[in-house]
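Q: Hey, dropping input-v3.tsv in here, TSV, C-alpha atoms:
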chain	number	residue	atom	x	y	z
A	1	MET	CA	0.00	0.00	0.00
A	2	SER	CA	1.45	3.36	-0.88
A	3	LEU	CA	0.51	6.99	-0.59
A	4	GLU	CA	1.80	9.52	-3.07
A	5	VAL	CA	1.85	13.18	-2.18
A	6	VAL	CA	2.80	15.78	-4.76
A	7	MET	CA	3.61	19.25	-3.48
A	8	SER	CA	3.97	22.25	-5.74
A	9	GLU	CA	3.46	25.96	-5.57
A	10	GLU	CA	3.14	28.66	-8.14
A	11	LYS	CA	6.00	31.03	-8.78
A	12	PRO	CA	4.69	34.20	-10.35
A	13	LYS	CA	7.92	35.99	-9.46
A	14	ASP	CA	9.90	33.48	-11.49
A	15	ASN	CA	7.66	34.07	-14.51
A	16	MET	CA	8.20	37.82	-14.21
A	17	ALA	CA	11.95	37.28	-13.95
A	18	ASN	CA	11.94	35.04	-17.03
A	19	SER	CA	10.04	37.64	-19.05
A	20	LYS	CA	12.56	40.28	-18.02
A	21	LEU	CA	15.40	38.03	-19.13
A	22	GLU	CA	13.82	37.60	-22.52
A	23	LYS	CA	13.29	41.35	-22.90
A	24	THR	CA	16.85	42.27	-21.94
A	25	GLY	CA	18.48	39.75	-24.22
A	26	PHE	CA	20.05	37.72	-21.45
A	27	LYS	CA	17.99	34.73	-22.57
A	28	THR	CA	19.99	34.62	-25.81
A	29	ILE	CA	23.27	34.74	-23.91
A	30	GLU	CA	22.08	31.92	-21.66
A	31	THR	CA	21.13	29.77	-24.68
A	32	VAL	CA	24.49	30.33	-26.37
A	33	GLY	CA	26.27	29.52	-23.12
A	34	ARG	CA	24.42	26.24	-22.80
A	35	MET	CA	25.30	25.32	-26.39
A	36	VAL	CA	28.98	26.01	-25.75
A	37	LEU	CA	28.88	23.97	-22.55
A	38	PHE	CA	27.18	21.11	-24.40
A	39	ILE	CA	29.90	21.08	-27.07
A	40	ILE	CA	32.65	21.07	-24.42
A	41	VAL	CA	31.05	18.18	-22.55
A	42	ARG	CA	30.68	16.18	-25.76
A	43	PHE	CA	34.34	16.82	-26.56
A	44	TRP	CA	35.50	15.54	-23.20
A	45	ARG	CA	33.39	12.40	-23.51
A	46	PHE	CA	35.16	11.42	-26.70
A	47	CYS	CA	38.60	12.10	-25.25
A	48	SER	CA	39.43	8.41	-24.77
A	49	ALA	CA	38.90	7.56	-28.44
A	50	ALA	CA	40.60	10.78	-29.50
A	51	MET	CA	43.60	10.01	-27.30
A	52	LEU	CA	44.17	6.66	-29.01
A	53	THR	CA	43.81	8.20	-32.47
A	54	LEU	CA	46.13	11.10	-31.72
A	55	LEU	CA	48.69	8.80	-30.18
A	56	LEU	CA	48.77	6.81	-33.40
A	57	LEU	CA	49.08	9.99	-35.51
A	58	TYR	CA	51.86	11.31	-33.33
A	59	TRP	CA	53.73	8.03	-33.59
A	60	LEU	CA	53.40	8.05	-37.39
A	61	TYR	CA	53.90	11.72	-38.19
A	62	GLY	CA	54.94	13.63	-35.07
A	63	GLY	CA	54.24	17.34	-35.01
A	64	VAL	CA	53.66	19.99	-32.36
A	65	VAL	CA	49.94	20.39	-33.07
A	66	ILE	CA	49.25	16.68	-32.75
A	67	PHE	CA	51.32	16.55	-29.56
A	68	LEU	CA	49.26	19.38	-28.05
A	69	LEU	CA	46.00	17.72	-29.08
A	70	LEU	CA	47.22	14.44	-27.60
A	71	THR	CA	48.08	16.19	-24.33
A	72	ALA	CA	44.62	17.79	-24.23
A	73	ALA	CA	43.00	14.40	-24.87
A	74	VAL	CA	45.00	12.76	-22.07
A	75	PHE	CA	43.99	15.46	-19.57
A	76	GLY	CA	40.40	15.30	-20.81
A	77	ALA	CA	40.22	11.54	-20.26
A	78	LEU	CA	41.72	11.84	-16.79
A	79	TYR	CA	39.29	14.64	-15.90
A	80	HIS	CA	36.28	12.71	-17.15
A	81	TYR	CA	37.19	9.45	-15.40
A	82	GLN	CA	37.86	10.99	-12.00
A	83	ASP	CA	34.36	10.01	-10.90
A	84	SER	CA	35.27	6.34	-11.23
A	85	PHE	CA	38.02	6.83	-8.63
A	86	LEU	CA	35.72	8.52	-6.13
A	87	TYR	CA	32.23	7.02	-6.38
A	88	PHE	CA	31.66	3.28	-5.85
A	89	PRO	CA	27.89	2.72	-5.86
A	90	GLU	CA	28.30	-0.90	-7.03
A	91	GLN	CA	30.69	-1.98	-4.28
A	92	PRO	CA	30.09	-4.43	-2.78
A	93	LEU	CA	28.51	-6.28	-5.69
A	94	SER	CA	24.72	-6.05	-6.06
A	95	SER	CA	24.60	-2.78	-4.08
A	96	ARG	CA	22.50	-1.26	-6.85
A	97	LEU	CA	20.17	-4.26	-6.96
A	98	PHE	CA	19.46	-5.05	-3.33
A	99	VAL	CA	19.10	-2.71	-0.35
A	100	GLN	CA	18.50	-4.36	3.01
A	101	ASN	CA	15.23	-3.52	4.73
A	102	PRO	CA	15.25	-2.16	8.35
A	103	ARG	CA	12.56	-4.69	9.16
A	104	VAL	CA	15.23	-7.40	9.48
A	105	LEU	CA	16.48	-5.58	12.59
A	106	GLY	CA	13.01	-4.99	13.98
A	107	LEU	CA	13.14	-1.24	13.35
A	108	PRO	CA	9.97	0.79	12.61
A	109	PHE	CA	10.55	2.73	9.41
A	110	GLU	CA	9.20	4.51	6.36
A	111	ASN	CA	10.61	4.05	2.88
A	112	LEU	CA	10.47	7.41	1.07
A	113	TYR	CA	11.29	8.82	-2.35
A	114	LEU	CA	12.07	12.53	-2.63
A	115	ARG	CA	12.32	14.72	-5.70
A	116	THR	CA	15.34	17.04	-5.68
A	117	GLN	CA	15.48	20.56	-7.10
A	118	ASP	CA	16.83	19.27	-10.41
A	119	GLY	CA	14.15	16.59	-10.70
A	120	VAL	CA	16.14	13.52	-9.60
A	121	ARG	CA	14.26	10.94	-7.54
A	122	ILE	CA	16.24	9.75	-4.50
A	123	ASN	CA	15.49	7.15	-1.87
A	124	VAL	CA	15.61	7.83	1.88
A	125	VAL	CA	14.69	5.60	4.81
A	126	PHE	CA	13.23	7.14	7.96
A	127	ILE	CA	13.78	4.98	11.06
A	128	LYS	CA	11.57	6.31	13.82
A	129	GLN	CA	11.20	6.11	17.56
A	130	PRO	CA	8.01	4.69	19.11
A	131	PRO	CA	5.05	7.08	18.65
A	132	ARG	CA	5.22	8.45	22.21
A	133	PHE	CA	8.86	9.52	21.70
A	134	GLN	CA	9.07	10.27	17.99
A	135	SER	CA	7.90	13.90	18.14
A	136	THR	CA	10.30	14.86	20.97
A	137	ALA	CA	13.40	12.84	20.06
A	138	PRO	CA	16.36	14.32	18.13
A	139	THR	CA	16.48	13.36	14.45
A	140	ILE	CA	19.75	12.44	12.75
A	141	ILE	CA	20.07	12.96	9.00
A	142	PHE	CA	22.73	10.41	7.99
A	143	PHE	CA	25.08	10.82	4.99
A	144	HIS	CA	27.20	7.74	4.34
A	145	GLY	CA	30.51	7.26	2.55
A	146	ASN	CA	31.35	6.75	-1.12
A	147	ALA	CA	30.52	3.03	-1.42
A	148	GLY	CA	27.57	0.74	-0.82
A	149	ASN	CA	24.07	1.83	0.09
A	150	VAL	CA	21.95	2.76	3.11
A	151	GLY	CA	21.29	-0.91	3.83
A	152	HIS	CA	24.93	-1.38	4.75
A	153	ARG	CA	24.51	1.23	7.52
A	154	LEU	CA	21.53	-0.35	9.26
A	155	LEU	CA	23.51	-1.71	12.23
A	156	ASN	CA	24.99	1.74	12.78
A	157	ALA	CA	21.53	3.31	12.43
A	158	LYS	CA	20.09	0.82	14.92
A	159	ALA	CA	22.77	1.78	17.46
A	160	LEU	CA	21.96	5.48	17.03
A	161	HIS	CA	18.25	4.68	17.29
A	162	ASN	CA	18.45	2.47	20.37
A	163	HIS	CA	21.37	3.90	22.34
A	164	CYS	CA	21.08	7.60	21.51
A	165	GLY	CA	17.27	7.65	21.33
A	166	CYS	CA	17.16	9.36	17.93
A	167	ASN	CA	15.07	9.13	14.79
A	168	VAL	CA	17.40	8.43	11.85
A	169	LEU	CA	16.93	9.50	8.23
A	170	LEU	CA	19.27	7.48	5.99
A	171	VAL	CA	19.90	9.37	2.73
A	172	GLU	CA	20.73	7.49	-0.46
A	173	TYR	CA	22.71	9.63	-2.90
A	174	ARG	CA	21.77	9.84	-6.56
A	175	GLY	CA	23.24	6.92	-8.46
A	176	TYR	CA	23.36	4.77	-5.30
A	177	GLY	CA	21.00	2.03	-4.13
A	178	LYS	CA	17.46	2.69	-5.31
A	179	SER	CA	18.03	6.34	-6.17
A	180	GLU	CA	17.97	7.58	-9.73
A	181	GLY	CA	20.60	9.70	-11.49
A	182	SER	CA	24.39	9.66	-11.52
A	183	PRO	CA	26.81	10.66	-8.73
A	184	SER	CA	28.25	14.18	-8.77
A	185	GLU	CA	29.42	16.73	-6.22
A	186	TYR	CA	26.72	19.26	-7.07
A	187	GLY	CA	24.09	16.52	-7.19
A	188	PHE	CA	25.00	15.29	-3.71
A	189	MET	CA	24.50	18.79	-2.36
A	190	LEU	CA	21.02	18.92	-3.90
A	191	ASP	CA	20.24	15.48	-2.43
A	192	ALA	CA	21.21	16.72	1.03
A	193	GLN	CA	19.05	19.82	0.68
A	194	ALA	CA	16.05	17.74	-0.43
A	195	ALA	CA	16.45	15.50	2.62
A	196	MET	CA	16.71	18.50	4.95
A	197	ASP	CA	13.65	20.12	3.36
A	198	HIS	CA	11.75	16.90	3.95
A	199	LEU	CA	12.57	16.91	7.67
A	200	LEU	CA	11.71	20.59	8.00
A	201	ASN	CA	8.28	19.86	6.55
A	202	ARG	CA	7.51	16.81	8.69
A	203	PRO	CA	4.88	17.52	11.37
A	204	ASP	CA	5.81	14.46	13.46
A	205	ILE	CA	9.36	15.36	14.55
A	206	ASP	CA	10.98	18.08	16.65
A	207	LYS	CA	12.42	20.40	13.99
A	208	ASN	CA	14.48	22.14	16.69
A	209	GLN	CA	16.57	18.98	17.11
A	210	ILE	CA	17.78	18.04	13.62
A	211	ILE	CA	21.35	16.70	13.71
A	212	ILE	CA	23.36	16.55	10.48
A	213	PHE	CA	25.72	13.55	10.44
A	214	GLY	CA	28.29	12.59	7.81
A	215	ARG	CA	31.01	9.95	7.57
A	216	SER	CA	33.97	10.08	5.16
A	217	LEU	CA	32.62	11.56	1.90
A	218	GLY	CA	29.34	12.09	3.73
A	219	GLY	CA	31.19	14.41	6.11
A	220	ALA	CA	31.89	16.76	3.20
A	221	VAL	CA	28.21	16.62	2.21
A	222	ALA	CA	27.20	17.34	5.82
A	223	ILE	CA	29.58	20.29	6.16
A	224	ASP	CA	28.34	21.79	2.90
A	225	LEU	CA	24.71	21.50	4.03
A	226	ALA	CA	25.46	23.06	7.42
A	227	SER	CA	27.34	25.93	5.75
A	228	GLN	CA	24.55	26.85	3.35
A	229	PRO	CA	22.86	30.15	4.37
A	230	ALA	CA	19.41	28.59	4.03
A	231	TYR	CA	20.22	25.79	6.48
A	232	MET	CA	23.06	26.95	8.74
A	233	ASN	CA	20.59	28.17	11.38
A	234	ARG	CA	18.18	25.26	10.97
A	235	ALA	CA	20.37	22.48	12.41
A	236	PHE	CA	20.64	21.60	16.09
A	237	ALA	CA	24.11	20.07	15.72
A	238	LEU	CA	26.63	18.74	13.19
A	239	ILE	CA	28.57	15.49	13.61
A	240	VAL	CA	31.33	14.47	11.17
A	241	GLU	CA	33.41	11.32	11.30
A	242	ASN	CA	36.69	10.48	9.55
A	243	THR	CA	36.26	13.03	6.80
A	244	PHE	CA	38.82	14.97	4.74
A	245	THR	CA	39.70	18.60	4.14
A	246	SER	CA	39.24	18.39	0.35
A	247	ILE	CA	39.52	15.98	-2.57
A	248	PRO	CA	42.66	17.68	-3.99
A	249	ALA	CA	44.30	17.31	-0.57
A	250	MET	CA	43.28	13.65	-0.43
A	251	ALA	CA	44.60	13.08	-3.95
A	252	SER	CA	47.99	14.43	-2.85
A	253	GLU	CA	47.95	12.02	0.09
A	254	LEU	CA	47.24	9.03	-2.11
A	255	LEU	CA	49.57	9.95	-4.97
A	256	SER	CA	52.51	12.28	-4.46
A	257	GLY	CA	52.91	15.04	-7.01
A	258	LEU	CA	49.23	15.70	-7.59
A	259	HIS	CA	49.43	18.79	-5.39
A	260	ARG	CA	51.23	20.46	-8.29
A	261	LEU	CA	48.16	20.23	-10.50
A	262	PRO	CA	46.06	23.39	-10.87
A	263	TYR	CA	42.87	23.38	-8.78
A	264	PHE	CA	40.63	23.38	-11.86
A	265	CYS	CA	42.01	20.00	-12.92
A	266	PHE	CA	39.98	18.33	-10.18
A	267	ARG	CA	36.46	17.46	-11.30
A	268	ASN	CA	35.31	16.91	-7.70
A	269	LYS	CA	36.59	19.19	-4.97
A	270	PHE	CA	34.42	18.77	-1.85
A	271	ASN	CA	36.45	21.53	-0.23
A	272	SER	CA	35.29	21.29	3.39
A	273	PHE	CA	38.30	23.24	4.62
A	274	SER	CA	37.09	26.37	2.81
A	275	LYS	CA	33.61	26.03	4.33
A	276	VAL	CA	34.16	24.86	7.89
A	277	HIS	CA	35.16	28.32	9.18
A	278	THR	CA	31.65	29.57	8.33
A	279	LEU	CA	29.97	27.02	10.60
A	280	THR	CA	28.02	28.31	13.56
A	281	VAL	CA	26.23	25.10	14.51
A	282	PRO	CA	27.61	23.06	17.46
A	283	THR	CA	29.94	20.50	15.92
A	284	LEU	CA	31.34	17.15	17.06
A	285	PHE	CA	34.38	15.70	15.26
A	286	LEU	CA	34.74	11.91	15.64
A	287	SER	CA	38.25	10.84	14.62
A	288	GLY	CA	39.55	7.29	14.32
A	289	MET	CA	43.25	7.54	15.08
A	290	ALA	CA	43.96	4.26	13.26
A	291	ASP	CA	42.38	5.54	10.02
A	292	GLN	CA	44.76	4.49	7.22
A	293	LEU	CA	42.78	6.12	4.42
A	294	ILE	CA	42.11	9.65	5.64
A	295	PRO	CA	44.89	11.06	7.85
A	296	PRO	CA	43.52	11.91	11.32
A	297	ARG	CA	45.35	15.24	11.10
A	298	MET	CA	42.74	16.33	8.52
A	299	MET	CA	40.04	15.92	11.16
A	300	LYS	CA	42.14	18.01	13.54
A	301	MET	CA	42.58	20.70	10.88
A	302	LEU	CA	38.82	20.86	10.36
A	303	TYR	CA	38.24	21.04	14.11
A	304	GLN	CA	40.76	23.84	14.57
A	305	SER	CA	39.33	25.81	11.61
A	306	SER	CA	35.69	25.39	12.61
A	307	GLY	CA	33.88	28.64	13.32
A	308	SER	CA	31.51	27.01	15.81
A	309	SER	CA	31.49	28.41	19.33
A	310	LEU	CA	30.69	24.94	20.67
A	311	LYS	CA	32.90	22.28	19.11
A	312	LYS	CA	34.53	19.10	20.33
A	313	LEU	CA	37.09	16.63	18.96
A	314	GLU	CA	36.68	13.03	20.14
A	315	PRO	CA	39.63	10.74	19.19
A	316	PHE	CA	39.32	6.95	19.21
A	317	GLU	CA	42.70	5.26	19.38
A	318	GLY	CA	41.69	1.97	17.75
A	319	GLY	CA	39.25	3.46	15.27
A	320	SER	CA	39.86	2.62	11.61
A	321	HIS	CA	38.25	4.41	8.71
A	322	ASN	CA	35.08	2.30	8.54
A	323	ASP	CA	34.91	0.82	12.05
A	324	THR	CA	35.28	3.82	14.37
A	325	TRP	CA	31.56	3.58	15.14
A	326	GLN	CA	32.22	0.20	16.78
A	327	CYS	CA	34.79	1.61	19.21
A	328	PHE	CA	34.11	1.63	22.94
A	329	GLY	CA	32.64	4.97	24.00
A	330	TYR	CA	31.58	6.03	20.49
A	331	LEU	CA	27.84	6.11	21.16
A	332	ASP	CA	28.39	7.60	24.62
A	333	ALA	CA	30.36	10.46	23.00
A	334	ILE	CA	27.44	11.25	20.69
A	335	THR	CA	24.84	11.03	23.46
A	336	ARG	CA	26.97	13.19	25.74
A	337	PHE	CA	27.44	15.83	23.03
A	338	ILE	CA	23.70	15.96	22.32
A	339	CYS	CA	23.04	16.51	26.04
A	340	GLU	CA	25.71	19.24	26.17
A	341	VAL	CA	24.10	21.09	23.26
A	342	GLN	CA	20.66	20.75	24.83
A	343	GLN	CA	21.97	22.17	28.11
A	344	ALA	CA	23.80	25.01	26.34
A	345	CYS	CA	20.62	25.97	24.49
A	346	ALA	CA	18.51	25.76	27.65
A	347	SER	CA	20.93	27.96	29.60
A	348	GLY	CA	21.21	30.53	26.81
A	349	LEU	CA	24.93	29.97	26.19
A	350	ILE	CA	24.17	29.34	22.53
A	351	SER	CA	21.12	30.07	20.40
A	352	GLY	CA	19.11	27.14	19.16
A	353	PRO	CA	17.95	26.52	15.59
A	354	ILE	CA	15.74	29.14	13.98
A	355	VAL	CA	12.79	27.14	12.77
A	356	GLY	CA	9.82	29.06	11.48
A	357	GLU	CA	7.30	28.03	8.88
A	358	ALA	CA	9.34	25.76	6.63
A	359	GLU	CA	9.13	26.45	2.94
A	360	LYS	CA	7.80	23.55	0.98
A	361	PRO	CA	10.00	22.29	-1.86
A	362	THR	CA	8.80	23.44	-5.26
A	363	THR	CA	8.60	19.85	-6.47
A	364	ALA	CA	8.68	16.80	-4.22
A	365	VAL	CA	7.17	13.38	-4.71
A	366	LEU	CA	6.99	11.17	-1.64
A	367	ASN	CA	6.10	7.51	-1.98
A	368	ILE	CA	5.50	6.49	1.62
A	369	HIS	CA	5.61	2.83	2.63
A	370	LYS	CA	5.18	2.13	6.31
A	371	THR	CA	6.39	-0.92	8.16
A	372	GLY	CA	4.43	-4.01	7.27
A	373	LEU	CA	3.09	-2.55	4.03
A	374	THR	CA	6.17	-2.51	1.83
A	375	GLN	CA	8.44	-4.83	-0.09
A	376	ASP	CA	12.18	-4.96	0.53
A	377	ILE	CA	13.89	-1.90	-0.85
Take the structure in this file and express it as structure tokens.

A:
Amino acid sequence: MSLEVVMSEEKPKDNMANSKLEKTGFKTIETVGRMVLFIIVRFWRFCSAAMLTLLLLYWLYGGVVIFLLLTAAVFGALYHYQDSFLYFPEQPLSSRLFVQNPRVLGLPFENLYLRTQDGVRINVVFIKQPPRFQSTAPTIIFFHGNAGNVGHRLLNAKALHNHCGCNVLLVEYRGYGKSEGSPSEYGFMLDAQAAMDHLLNRPDIDKNQIIIFGRSLGGAVAIDLASQPAYMNRAFALIVENTFTSIPAMASELLSGLHRLPYFCFRNKFNSFSKVHTLTVPTLFLSGMADQLIPPRMMKMLYQSSGSSLKKLEPFEGGSHNDTWQCFGYLDAITRFICEVQQACASGLISGPIVGEAEKPTTAVLNIHKTGLTQDI
């Protein structure tokens, strides 16, 4: 059994703005710009075939022009294929075909589909507290790492649900699990905003206690969401775990010499270091000191650069990149931080979230399947 709700609102101001664009000639400039962008994108997509052809021509005839074209093709191919080194939606195998259902762990949940600002349909799973606690409990919006799907985070979600007493919204990025679309940095930001908008429009949760959580790549998504002007005063707290300062910085860690490349050579940047100083929300940094993928010093750099007046760095000596959440004291650290933020808000040391009448997304389609009425997702 499913219920579909379509929410939309008219935008007369947008129509007026569009008519003004047409009258001033900016519409023509926009059209030409899109055509140029389309041609560039098409060129980069054929860089692999062009690289092989140009390599053959250079080997046969040589020449400066062919060498320059070959160099451009090589850089184009490397730029285009960067996504394959960052996003792993099909690891482990079948991650795009099967997503484990929270019912296997006895968790009450709703399976939802949200429509983002650019029209992509993404899947989220809302794991909720019992009815008598749901409307007063904190709600964690959970952004996972760059591989797998939300089903692989169910044990972690159950721990947050049971031990910390929180509702948990697991967000599936575009191109992952049951979500549509393809992974991209800009797309992930839109996915995060759609998930936040959904929580801000739910009548059955405490919108003054929304906690943004991100692990690894999800930490960069979480920091971006918390730094956006439209949301920076809407969150109760921010929690990031084993995340990096930026993709270019991580690339230099993994392969020496890449730091010499110009910044524009990186297709994905996820530059959290440039955003974290704008944060005002209380922030908890969970750092696994045995992380062999992301250097723990990056977490310390983010902590030191954070603009939050209430921030805390919790190190876990035995914590690896993916298993820090299983360390002793991990859940206690989160619960303790939530209590500290609640006490700071109650005593007036910090101001709580500013939550007025939430604006409804311009387009959002929610397919709601409650426990007992849905198939495995």

Q: Compare A:Asn268, A:Asn123, A:Asn322, A:Gln193 by their minimum atom-to-atom distance to A:Tyr81, counting all atoms listed in the file, and give me the closest one.

A: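 Smallest distance to A:Tyr81 is found for A:Asn268.
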
Q: Tell me, counting all atoms listed in the file, for each residue of stretch 180-263 of chain A within 12 Å of stretch 337-347 of chain A, which pair of atoms is nearest and how far apart they are in Å to one decimal, in rows ordered by chain and increasing number, as a tab-separated table.

A:
residue	atom	partner	partner_atom	distance
A:Asn208	CA	A:Gln342	CA	10.3
A:Gln209	CA	A:Gln342	CA	8.9
A:Ile210	CA	A:Ile338	CA	10.7
A:Ile211	CA	A:Ile338	CA	9.0
A:Ile212	CA	A:Ile338	CA	11.9
A:Ala235	CA	A:Val341	CA	11.6
A:Phe236	CA	A:Val341	CA	8.0
A:Ala237	CA	A:Val341	CA	7.6
A:Leu238	CA	A:Ile338	CA	10.0
A:Ile239	CA	A:Phe337	CA	9.5

Q: Looking at only C-alpha atoms, which of A:Lys312, A:His144, A:Arg121, A:Arg115 is the one that sits closest to A:Gly218?

A: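 Under the stated criterion, the closest residue is A:His144.
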
Q: Given the choices A:Gly151, A:Pro353, A:Pro203, A:Pro183, which gets closest to A:Ser84 if the distance is worked out from only C-alpha atoms?

A: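 Among the listed residues, A:Pro183 lies closest to A:Ser84.
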
Q: Do you know which residues are at most 12 Å from A:Ser306 counting all atoms listed in the file, after dropping those on the same chain fewer than 5 positions away, and could you put them as a PDB file with C-alpha atoms, in the coordinates of the input?

A:
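Saved to around-v1.pdb:
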ATOM      1  CA  ILE A 223      29.580  20.290   6.160  1.00  0.00           C
ATOM      2  CA  ALA A 226      25.460  23.060   7.420  1.00  0.00           C
ATOM      3  CA  SER A 227      27.340  25.930   5.750  1.00  0.00           C
ATOM      4  CA  LEU A 238      26.630  18.740  13.190  1.00  0.00           C
ATOM      5  CA  VAL A 240      31.330  14.470  11.170  1.00  0.00           C
ATOM      6  CA  THR A 245      39.700  18.600   4.140  1.00  0.00           C
ATOM      7  CA  SER A 272      35.290  21.290   3.390  1.00  0.00           C
ATOM      8  CA  PHE A 273      38.300  23.240   4.620  1.00  0.00           C
ATOM      9  CA  SER A 274      37.090  26.370   2.810  1.00  0.00           C
ATOM     10  CA  LYS A 275      33.610  26.030   4.330  1.00  0.00           C
ATOM     11  CA  VAL A 276      34.160  24.860   7.890  1.00  0.00           C
ATOM     12  CA  HIS A 277      35.160  28.320   9.180  1.00  0.00           C
ATOM     13  CA  THR A 278      31.650  29.570   8.330  1.00  0.00           C
ATOM     14  CA  LEU A 279      29.970  27.020  10.600  1.00  0.00           C
ATOM     15  CA  THR A 280      28.020  28.310  13.560  1.00  0.00           C
ATOM     16  CA  VAL A 281      26.230  25.100  14.510  1.00  0.00           C
ATOM     17  CA  PRO A 282      27.610  23.060  17.460  1.00  0.00           C
ATOM     18  CA  THR A 283      29.940  20.500  15.920  1.00  0.00           C
ATOM     19  CA  LEU A 284      31.340  17.150  17.060  1.00  0.00           C
ATOM     20  CA  PHE A 285      34.380  15.700  15.260  1.00  0.00           C
ATOM     21  CA  MET A 299      40.040  15.920  11.160  1.00  0.00           C
ATOM     22  CA  LYS A 300      42.140  18.010  13.540  1.00  0.00           C
ATOM     23  CA  MET A 301      42.580  20.700  10.880  1.00  0.00           C
ATOM     24  CA  LYS A 311      32.900  22.280  19.110  1.00  0.00           C
ATOM     25  CA  LYS A 312      34.530  19.100  20.330  1.00  0.00           C
ATOM     26  CA  LEU A 313      37.090  16.630  18.960  1.00  0.00           C
TER      27      LEU A 313
END
